[in-house]
Number of protein chains: 2
Amino acid sequence: MTQGPAVLERTLDADLGALATERMRSIGIEVHTGIRVDTLEGQHGQVRRVGCPDGVGFDADVVVLGLGSRPEVALAKEAGIPLGETGAVAVNTRQQTRVERIWAAGDCAEALHRVSQRAVNLHLGTIANKQGRVAGINIGGEYATFPGVLGTAITKVCELEIARTGLTETEATGAGFRYVVATLDSTTTAGYWPDAATMRIKLLAEQGTGRLLGAQIVGGPGAGKRIDVVATVLWNHMRVDEMLNLDLAYAPPFASVWDPVLIAARKAWEALAAPGLARPQGT
Amino acid sequence: MTQGPAVLERTLDADLGALATERMRSIGIEVHTGIRVDTLEGQHGQVRRVGCPDGVGFDADVVVLGLGSRPEVALAKEAGIPLGETGAVAVNTRQQTRVERIWAAGDCAEALHRVSQRAVNLHLGTIANKQGRVAGINIGGEYATFPGVLGTAITKVCELEIARTGLTETEATGAGFRYVVATLDSTTTAGYWPDAATMRIKLLAEQGTGRLLGAQIVGGPGAGKRIDVVATVLWNHMRVDEMLNLDLAYAPPFASVWDPVLIAARKAWEALAAPGLARPQGT
């Protein structure tokens with residue numbers, strides 16, 4: 001049940017969110033979108049019913065609230081440690097706050113987004129762990145820097161895998177990028193393989209430069225962790241045409257002979273048709 | 001049954017080959033190594049028995065021969081088209097042979113290995129497809145170049161996944177590299193996850209520069225396609241220390257919070273202890 005028009009609305013663009021919603025329904029999950037929860041009703045100290053507007057309600061044995069999170073900066077504020085424009089603690093690449101000998105890492109701290117080159121505040125265990133290591137090395141008197149984030153994230157709902165990295169359309173637009181979109185429907189293995197599951201990959205590429213900006217994946221087993229290839233492409237600021245010949249692994253139980261990531265890149269490249277972009281190597 | 005000391009002896013180094021052999025045995029496959037097949041005996045036009053030296057033999061219903069392959073260059077030789085030092089047809093980056101208006105692509109042609117910077121002749125569908133596309137574009141009067149290969153390959157034996165990219169120890173030594181090795185035993189998901197399967201990753205990093213040279217993976221479901229992340233790292237000529245903070249996707253069904261690829265990179269970085277290599281960013 002979500003107030004938004006689709007599940008995961010801050011993680012995925014509306015189109016991929018709608019696909020995720022549809023896939024969840026197809027595996028027997030009742031998904032209610034665009035609906036607000038007003039009350040949780042209990043009996044004998046246990047929740048029994050979720051109440052919504054207009055007399056709508058649902059019986060419940062367990063309620064899990066996914067409300068998002070905000071950085072906990074009360075201590076920093078009290079101590080006079082400056083926050084950044086995201087509302088989280090501003091840090092440099094060594095995880096140092098603006099106040100000498102005070103360090104911050106994890107959910108309370110900002111990080112540089114490697115694609116938008118803006119400060120972001122993402123609450124992910126991966127980022128917290130890596131920033132914590134960098135802060136620890138520096139606090140211990142050594143020297144380390146944190147090179148920034150891509151906002152790579154993944155989740156699983158039964159057999160459904162959902163992943164993202166870089167910028168969504170909303171985020172790309174917000175950061176002032178002009179981009180093209182390529183969406184590819186493919187399979188997690190060779191199409192004829194008995195275990196083949198459907199998978200959709202969406203790529204964003206910057207107009208003019210052809211640089212990859214972000215990706216979203218929704219699909220069956222084996223779909224999600226493909227986001228790591230795209231994250232490594234993004235990390236290296238590659239253009240989509242530079243992805244076309246990437247030497248990715250193929251055998252029928254794992255992929256088509258052109259991995260779907262590569263076919264999606266080719267679609268993005270074709271969609272660019274960008275004036276001023278010379279026809280590059282390997283295309 | 002293989003004449004070599006382990007299965008996949010030209011694909012994996014001996015240590016990972018031994019692991020693959022052991023894992024295959026543990027799933028109930030009878031593996032015989034270091035044994036030569038002398039005869040195939042049949043009855044009524046069907047194979048019945050495989051004969052080996054010293055009176056050893058095995059009953060058989062089906063025999064599959066995996067003998068490797070050689071480039072088919074008879075036509076090229078007759079036509080006077082020069083071969084390269086691998087014995088396959090020499091081509092430039094446009095897939096053009098040394099003879100005007102004659103093009104070659106796929107198993108009969110050489111390719112540049114992006115790590116060793118040497119010509120190789122690898123018989124993989126991925127390479128053949130990509131070279132064929134480049135040749136076709138050029139034959140059609142347009143311009144395309146093939147940027148080279150990493151020799152990324154993957155295979156599956158029941159639930160066991162086996163993958164490699166870049167150079168093995170044998171290949172790295174043959175190409176004159178000095179390197180360090182990092183081997184990591186980990187799991188395909190968070191260790192506590194019910195589906196966690198074991199996985200071994202082996203990385204090679206060049207002494208002095210710290211550049212990644214190659215990787216091999218043997219493990220359960222979800223292990224193999226991780227090779228694509230390493231292949232994308234190799235494609236970009238990254239050092240192992242540059243891998244440490246890669247923003248890879250984490251959720252317990254998919255990985256530990258530090259993906260095993262990153263932990264292996266850290267082990268390789270620690271193993272380098274290379275004089276002359278400045279302590280770089282993010283370490």
# chains A, B, ... in the order shown; residues from 1 in each chain; ligands from 1
$ interface_residues --of "chain B" --to "chain A" --cutoff "6 Å" --atoms "only C-alpha atoms" --output "ChimeraX atom specification"
/B:126,144-146,152-154,228-229,248-249,257,281-283
$ write_last_selection --atoms "C-alpha atoms" --output "compact mmCIF listing (two decimals), in the first residue's frame"
# COMPACT_ATOMS: atom_id res chain seq x y z
CA THR B 126 30.68 -13.08 -28.03
CA ALA B 144 33.78 0.84 -37.29
CA THR B 145 36.63 -0.54 -35.22
CA PHE B 146 36.85 -3.46 -32.82
CA THR B 152 35.66 -13.23 -20.63
CA ALA B 153 33.95 -16.63 -20.45
CA ILE B 154 31.46 -18.42 -18.25
CA ASP B 228 31.20 -8.88 -15.76
CA VAL B 229 31.97 -6.27 -13.11
CA LEU B 248 27.98 -1.94 -6.24
CA ALA B 249 24.48 -3.00 -5.28
CA VAL B 257 27.49 -5.16 2.24
CA GLN B 281 42.80 7.86 -3.33
CA GLY B 282 40.19 6.03 -1.37
CA THR B 283 42.41 3.53 0.37
$ residues_around --residues "A:Glu171" --least-positions-apart "2" --cutoff "12 Å" --atoms "only C-alpha atoms" --output "list of chain:residue names"
A:Arg10, A:Thr11, A:Leu12, A:Asp13, A:His113, A:Val115, A:Ser116, A:Arg118, A:Val120, A:Leu150, A:Gly151, A:Thr165, A:Gly166, A:Leu167, A:Thr168, A:Glu169, A:Thr173, A:Gly174, A:Ala175, A:Gly176, A:Phe177, A:Arg178, A:Tyr179, A:Leu204, A:Leu213, A:Gly214, A:Ala215
$ write_last_selection --atoms "N, CA and C atoms" --output "PDB file, in the first residue's frame"
ATOM      1  N   ARG A  10      10.408   6.700  -5.304  1.00  0.00           N
ATOM      2  CA  ARG A  10      11.601   7.546  -5.299  1.00  0.00           C
ATOM      3  C   ARG A  10      12.843   6.777  -5.784  1.00  0.00           C
ATOM      4  N   THR A  11      12.654   5.483  -6.010  1.00  0.00           N
ATOM      5  CA  THR A  11      13.764   4.643  -6.457  1.00  0.00           C
ATOM      6  C   THR A  11      13.755   4.502  -7.969  1.00  0.00           C
ATOM      7  N   LEU A  12      12.545   4.358  -8.526  1.00  0.00           N
ATOM      8  CA  LEU A  12      12.386   4.115  -9.958  1.00  0.00           C
ATOM      9  C   LEU A  12      11.577   5.233 -10.593  1.00  0.00           C
ATOM     10  N   ASP A  13      11.758   5.415 -11.908  1.00  0.00           N
ATOM     11  CA  ASP A  13      10.848   6.276 -12.656  1.00  0.00           C
ATOM     12  C   ASP A  13       9.469   5.622 -12.729  1.00  0.00           C
ATOM     13  N   HIS A 113      27.747  12.957  -5.506  1.00  0.00           N
ATOM     14  CA  HIS A 113      27.232  12.050  -6.539  1.00  0.00           C
ATOM     15  C   HIS A 113      28.127  12.174  -7.769  1.00  0.00           C
ATOM     16  N   VAL A 115      27.791  11.334 -10.823  1.00  0.00           N
ATOM     17  CA  VAL A 115      27.196  11.703 -12.114  1.00  0.00           C
ATOM     18  C   VAL A 115      26.762  13.160 -12.102  1.00  0.00           C
ATOM     19  N   SER A 116      25.997  13.557 -11.095  1.00  0.00           N
ATOM     20  CA  SER A 116      25.495  14.940 -11.061  1.00  0.00           C
ATOM     21  C   SER A 116      26.534  15.906 -10.513  1.00  0.00           C
ATOM     22  N   ARG A 118      26.838  16.671  -7.590  1.00  0.00           N
ATOM     23  CA  ARG A 118      26.207  17.408  -6.499  1.00  0.00           C
ATOM     24  C   ARG A 118      26.279  16.596  -5.213  1.00  0.00           C
ATOM     25  N   VAL A 120      24.698  14.679  -2.222  1.00  0.00           N
ATOM     26  CA  VAL A 120      23.462  13.936  -1.976  1.00  0.00           C
ATOM     27  C   VAL A 120      23.527  13.362  -0.569  1.00  0.00           C
ATOM     28  N   LEU A 150      27.151   6.529  -6.547  1.00  0.00           N
ATOM     29  CA  LEU A 150      26.256   6.464  -7.712  1.00  0.00           C
ATOM     30  C   LEU A 150      24.818   6.196  -7.295  1.00  0.00           C
ATOM     31  N   GLY A 151      24.607   5.947  -6.002  1.00  0.00           N
ATOM     32  CA  GLY A 151      23.261   5.617  -5.542  1.00  0.00           C
ATOM     33  C   GLY A 151      22.786   4.264  -6.048  1.00  0.00           C
ATOM     34  N   THR A 165      20.958   2.475 -10.605  1.00  0.00           N
ATOM     35  CA  THR A 165      22.227   3.164 -10.351  1.00  0.00           C
ATOM     36  C   THR A 165      22.220   4.482 -11.111  1.00  0.00           C
ATOM     37  N   GLY A 166      23.001   5.444 -10.630  1.00  0.00           N
ATOM     38  CA  GLY A 166      23.057   6.746 -11.298  1.00  0.00           C
ATOM     39  C   GLY A 166      21.761   7.518 -11.124  1.00  0.00           C
ATOM     40  N   LEU A 167      21.388   8.264 -12.169  1.00  0.00           N
ATOM     41  CA  LEU A 167      20.235   9.160 -12.078  1.00  0.00           C
ATOM     42  C   LEU A 167      19.000   8.568 -12.738  1.00  0.00           C
ATOM     43  N   THR A 168      17.846   8.745 -12.102  1.00  0.00           N
ATOM     44  CA  THR A 168      16.560   8.477 -12.753  1.00  0.00           C
ATOM     45  C   THR A 168      16.219   9.681 -13.631  1.00  0.00           C
ATOM     46  N   GLU A 169      15.135   9.574 -14.387  1.00  0.00           N
ATOM     47  CA  GLU A 169      14.716  10.723 -15.210  1.00  0.00           C
ATOM     48  C   GLU A 169      14.432  11.944 -14.334  1.00  0.00           C
ATOM     49  N   THR A 173      16.626  15.292 -14.745  1.00  0.00           N
ATOM     50  CA  THR A 173      15.972  16.556 -15.067  1.00  0.00           C
ATOM     51  C   THR A 173      16.260  17.582 -13.980  1.00  0.00           C
ATOM     52  N   GLY A 174      16.133  17.156 -12.734  1.00  0.00           N
ATOM     53  CA  GLY A 174      16.399  18.042 -11.601  1.00  0.00           C
ATOM     54  C   GLY A 174      17.823  18.591 -11.610  1.00  0.00           C
ATOM     55  N   ALA A 175      18.757  17.789 -12.107  1.00  0.00           N
ATOM     56  CA  ALA A 175      20.164  18.215 -12.129  1.00  0.00           C
ATOM     57  C   ALA A 175      20.508  18.955 -13.419  1.00  0.00           C
ATOM     58  N   GLY A 176      19.502  19.172 -14.270  1.00  0.00           N
ATOM     59  CA  GLY A 176      19.716  19.988 -15.457  1.00  0.00           C
ATOM     60  C   GLY A 176      20.251  19.255 -16.685  1.00  0.00           C
ATOM     61  N   PHE A 177      20.219  17.925 -16.657  1.00  0.00           N
ATOM     62  CA  PHE A 177      20.695  17.162 -17.813  1.00  0.00           C
ATOM     63  C   PHE A 177      19.619  17.065 -18.889  1.00  0.00           C
ATOM     64  N   ARG A 178      20.054  17.074 -20.158  1.00  0.00           N
ATOM     65  CA  ARG A 178      19.193  16.637 -21.249  1.00  0.00           C
ATOM     66  C   ARG A 178      19.656  15.251 -21.645  1.00  0.00           C
ATOM     67  N   TYR A 179      18.711  14.374 -21.893  1.00  0.00           N
ATOM     68  CA  TYR A 179      19.078  12.970 -22.067  1.00  0.00           C
ATOM     69  C   TYR A 179      18.130  12.263 -23.023  1.00  0.00           C
ATOM     70  N   LEU A 204      19.614   5.824 -19.339  1.00  0.00           N
ATOM     71  CA  LEU A 204      19.592   7.251 -19.680  1.00  0.00           C
ATOM     72  C   LEU A 204      20.974   7.650 -20.172  1.00  0.00           C
ATOM     73  N   LEU A 213      24.063   8.101 -17.960  1.00  0.00           N
ATOM     74  CA  LEU A 213      23.667   8.859 -16.763  1.00  0.00           C
ATOM     75  C   LEU A 213      23.056   7.982 -15.677  1.00  0.00           C
ATOM     76  N   GLY A 214      22.429   6.874 -16.088  1.00  0.00           N
ATOM     77  CA  GLY A 214      21.795   6.044 -15.076  1.00  0.00           C
ATOM     78  C   GLY A 214      21.095   4.860 -15.687  1.00  0.00           C
ATOM     79  N   ALA A 215      20.681   3.935 -14.834  1.00  0.00           N
ATOM     80  CA  ALA A 215      20.001   2.729 -15.294  1.00  0.00           C
ATOM     81  C   ALA A 215      19.050   2.215 -14.231  1.00  0.00           C
TER      82      ALA A 215
END
$ select_by_dssp --residues "stretch 17-105 of chain A" --states "helix (DSSP H, G or I)" --output "ChimeraX atom specification"
/A:17-26,53-55,74-78
$ write_last_selection --atoms "N, CA and C atoms" --output "PDB file, in the first residue's frame"
ATOM      1  N   GLY A  17       8.420   1.774 -12.242  1.00  0.00           N
ATOM      2  CA  GLY A  17       7.629   1.566 -11.028  1.00  0.00           C
ATOM      3  C   GLY A  17       6.328   0.848 -11.350  1.00  0.00           C
ATOM      4  N   ALA A  18       5.700   1.244 -12.466  1.00  0.00           N
ATOM      5  CA  ALA A  18       4.450   0.601 -12.886  1.00  0.00           C
ATOM      6  C   ALA A  18       4.710  -0.862 -13.233  1.00  0.00           C
ATOM      7  N   LEU A  19       5.849  -1.118 -13.897  1.00  0.00           N
ATOM      8  CA  LEU A  19       6.194  -2.504 -14.227  1.00  0.00           C
ATOM      9  C   LEU A  19       6.409  -3.327 -12.952  1.00  0.00           C
ATOM     10  N   ALA A  20       7.123  -2.751 -11.984  1.00  0.00           N
ATOM     11  CA  ALA A  20       7.362  -3.454 -10.725  1.00  0.00           C
ATOM     12  C   ALA A  20       6.038  -3.763 -10.033  1.00  0.00           C
ATOM     13  N   THR A  21       5.125  -2.784 -10.046  1.00  0.00           N
ATOM     14  CA  THR A  21       3.797  -2.973  -9.442  1.00  0.00           C
ATOM     15  C   THR A  21       3.066  -4.133 -10.124  1.00  0.00           C
ATOM     16  N   GLU A  22       3.089  -4.109 -11.443  1.00  0.00           N
ATOM     17  CA  GLU A  22       2.411  -5.134 -12.244  1.00  0.00           C
ATOM     18  C   GLU A  22       3.002  -6.526 -11.979  1.00  0.00           C
ATOM     19  N   ARG A  23       4.348  -6.578 -11.922  1.00  0.00           N
ATOM     20  CA  ARG A  23       5.011  -7.863 -11.668  1.00  0.00           C
ATOM     21  C   ARG A  23       4.691  -8.375 -10.267  1.00  0.00           C
ATOM     22  N   MET A  24       4.620  -7.464  -9.299  1.00  0.00           N
ATOM     23  CA  MET A  24       4.279  -7.878  -7.939  1.00  0.00           C
ATOM     24  C   MET A  24       2.870  -8.451  -7.900  1.00  0.00           C
ATOM     25  N   ARG A  25       1.971  -7.799  -8.630  1.00  0.00           N
ATOM     26  CA  ARG A  25       0.592  -8.304  -8.678  1.00  0.00           C
ATOM     27  C   ARG A  25       0.552  -9.688  -9.329  1.00  0.00           C
ATOM     28  N   SER A  26       1.368  -9.860 -10.370  1.00  0.00           N
ATOM     29  CA  SER A  26       1.324 -11.127 -11.107  1.00  0.00           C
ATOM     30  C   SER A  26       1.851 -12.287 -10.271  1.00  0.00           C
ATOM     31  N   PRO A  53      -8.912   6.369   4.010  1.00  0.00           N
ATOM     32  CA  PRO A  53     -10.047   7.282   3.862  1.00  0.00           C
ATOM     33  C   PRO A  53     -11.279   6.594   3.253  1.00  0.00           C
ATOM     34  N   ASP A  54     -12.411   7.264   3.408  1.00  0.00           N
ATOM     35  CA  ASP A  54     -13.684   6.815   2.803  1.00  0.00           C
ATOM     36  C   ASP A  54     -14.117   5.432   3.271  1.00  0.00           C
ATOM     37  N   GLY A  55     -13.784   5.099   4.513  1.00  0.00           N
ATOM     38  CA  GLY A  55     -14.249   3.838   5.070  1.00  0.00           C
ATOM     39  C   GLY A  55     -13.551   2.599   4.544  1.00  0.00           C
ATOM     40  N   ALA A  74      20.601  16.303  14.848  1.00  0.00           N
ATOM     41  CA  ALA A  74      20.349  17.107  16.049  1.00  0.00           C
ATOM     42  C   ALA A  74      21.655  17.419  16.778  1.00  0.00           C
ATOM     43  N   LEU A  75      22.471  16.402  16.969  1.00  0.00           N
ATOM     44  CA  LEU A  75      23.744  16.567  17.679  1.00  0.00           C
ATOM     45  C   LEU A  75      24.648  17.548  16.935  1.00  0.00           C
ATOM     46  N   ALA A  76      24.717  17.367  15.619  1.00  0.00           N
ATOM     47  CA  ALA A  76      25.558  18.263  14.803  1.00  0.00           C
ATOM     48  C   ALA A  76      25.084  19.708  14.924  1.00  0.00           C
ATOM     49  N   LYS A  77      23.776  19.907  14.852  1.00  0.00           N
ATOM     50  CA  LYS A  77      23.201  21.259  14.955  1.00  0.00           C
ATOM     51  C   LYS A  77      23.560  21.894  16.298  1.00  0.00           C
ATOM     52  N   GLU A  78      23.340  21.135  17.347  1.00  0.00           N
ATOM     53  CA  GLU A  78      23.638  21.641  18.700  1.00  0.00           C
ATOM     54  C   GLU A  78      25.106  22.021  18.838  1.00  0.00           C
TER      55      GLU A  78
END
$ select_by_dssp --residues "stretch 69-273 of chain B" --states "strand (DSSP E or B)" --output "PyMOL selection string"
chain B and resi 83+89+96+103+109+111-113+119-120+149+153-157+160-166+179-187+198-206+211-219+239
$ atom_distance --atom1 "atom CA of B:Leu160" --atom2 "atom CA of B:Thr198"
10.0 Å
$ residues_around --residues "A:Ala264" --least-positions-apart "3" --cutoff "12 Å" --atoms "only C-alpha atoms" --output "tab-separated table (two decimals) with C-alpha atoms, in the first residue's frame"
chain	number	residue	atom	x	y	z
A	180	VAL	CA	17.68	10.20	-24.21
A	181	VAL	CA	16.06	7.06	-22.85
A	182	ALA	CA	16.44	3.50	-24.10
A	183	THR	CA	14.21	0.77	-22.73
A	184	LEU	CA	14.88	-2.87	-23.58
A	185	ASP	CA	12.72	-5.90	-22.85
A	186	SER	CA	14.83	-9.00	-22.80
A	199	MET	CA	13.79	-8.39	-17.64
A	200	ARG	CA	13.48	-4.72	-18.53
A	201	ILE	CA	16.51	-2.43	-18.62
A	202	LYS	CA	16.17	1.33	-18.92
A	203	LEU	CA	19.21	3.47	-19.67
A	204	LEU	CA	19.59	7.25	-19.68
A	205	ALA	CA	22.32	8.84	-21.82
A	212	LEU	CA	25.65	7.18	-19.57
A	214	GLY	CA	21.79	6.04	-15.08
A	215	ALA	CA	20.00	2.73	-15.29
A	216	GLN	CA	17.04	0.90	-13.83
A	217	ILE	CA	16.36	-2.84	-14.03
A	230	VAL	CA	26.29	-0.42	-15.39
A	240	VAL	CA	27.05	4.43	-24.21
A	241	ASP	CA	28.90	3.81	-27.48
A	243	MET	CA	29.82	0.10	-23.84
A	244	LEU	CA	28.86	-1.59	-27.12
A	258	TRP	CA	24.92	-9.92	-26.66
A	259	ASP	CA	24.19	-9.30	-23.00
A	260	PRO	CA	20.97	-7.24	-22.60
A	261	VAL	CA	23.06	-4.46	-21.02
A	267	LYS	CA	19.49	1.35	-28.32
A	268	ALA	CA	20.58	4.38	-26.29
A	269	TRP	CA	23.31	5.10	-28.82
A	270	GLU	CA	20.83	4.90	-31.68
A	271	ALA	CA	18.43	7.17	-29.76
$ residues_around --residues "B:Arg36" --least-positions-apart "5" --cutoff "7 Å" --atoms "only C-alpha atoms" --output "list of chain:residue names"
B:Thr2, B:Gln3, B:Cys52, B:Pro53
$ write_last_selection --atoms "N, CA and C atoms" --output "JSON list (two decimals), in the first residue's frame"
[["chain", "number", "residue", "atom", "x", "y", "z"],
["B", 2, "THR", "N", 39.47, -36.19, -18.10],
["B", 2, "THR", "CA", 40.39, -35.29, -18.79],
["B", 2, "THR", "C", 41.82, -35.78, -18.63],
["B", 3, "GLN", "N", 42.62, -35.51, -19.65],
["B", 3, "GLN", "CA", 44.03, -35.87, -19.58],
["B", 3, "GLN", "C", 44.77, -34.96, -18.62],
["B", 52, "CYS", "N", 40.52, -46.85, -21.71],
["B", 52, "CYS", "CA", 41.69, -46.07, -21.31],
["B", 52, "CYS", "C", 42.88, -47.02, -21.14],
["B", 53, "PRO", "N", 44.09, -46.49, -20.91],
["B", 53, "PRO", "CA", 45.25, -47.36, -20.76],
["B", 53, "PRO", "C", 45.13, -48.31, -19.57]]
$ atom_distance --atom1 "atom CA of A:Ala109" --atom2 "atom CA of A:Thr86"
9.3 Å
$ residues_around --residues "A:Asp59" --least-positions-apart "6" --cutoff "12 Å" --atoms "only C-alpha atoms" --output "PDB file with C-alpha atoms, in the first residue's frame"
ATOM      1  CA  THR A  39      -5.262   4.573  11.249  1.00  0.00           C
ATOM      2  CA  LEU A  40      -3.830   1.356  12.624  1.00  0.00           C
ATOM      3  CA  GLU A  41      -6.437  -0.411  14.738  1.00  0.00           C
ATOM      4  CA  GLY A  42      -5.452  -3.010  17.297  1.00  0.00           C
ATOM      5  CA  GLN A  43      -6.907  -5.495  19.722  1.00  0.00           C
ATOM      6  CA  GLN A  46      -1.829  -6.416  18.409  1.00  0.00           C
ATOM      7  CA  VAL A  47      -2.587  -4.714  15.114  1.00  0.00           C
ATOM      8  CA  ARG A  48      -5.727  -5.988  13.391  1.00  0.00           C
ATOM      9  CA  ARG A  49      -6.727  -3.473  10.775  1.00  0.00           C
ATOM     10  CA  VAL A  50      -5.345  -0.691   8.589  1.00  0.00           C
ATOM     11  CA  GLY A  51      -7.793   2.154   8.084  1.00  0.00           C
ATOM     12  CA  CYS A  52      -7.821   4.361   4.960  1.00  0.00           C
TER      13      CYS A  52
END
$ atom_distance --atom1 "atom CA of B:Glu100" --atom2 "atom CA of B:Ala119"
20.4 Å
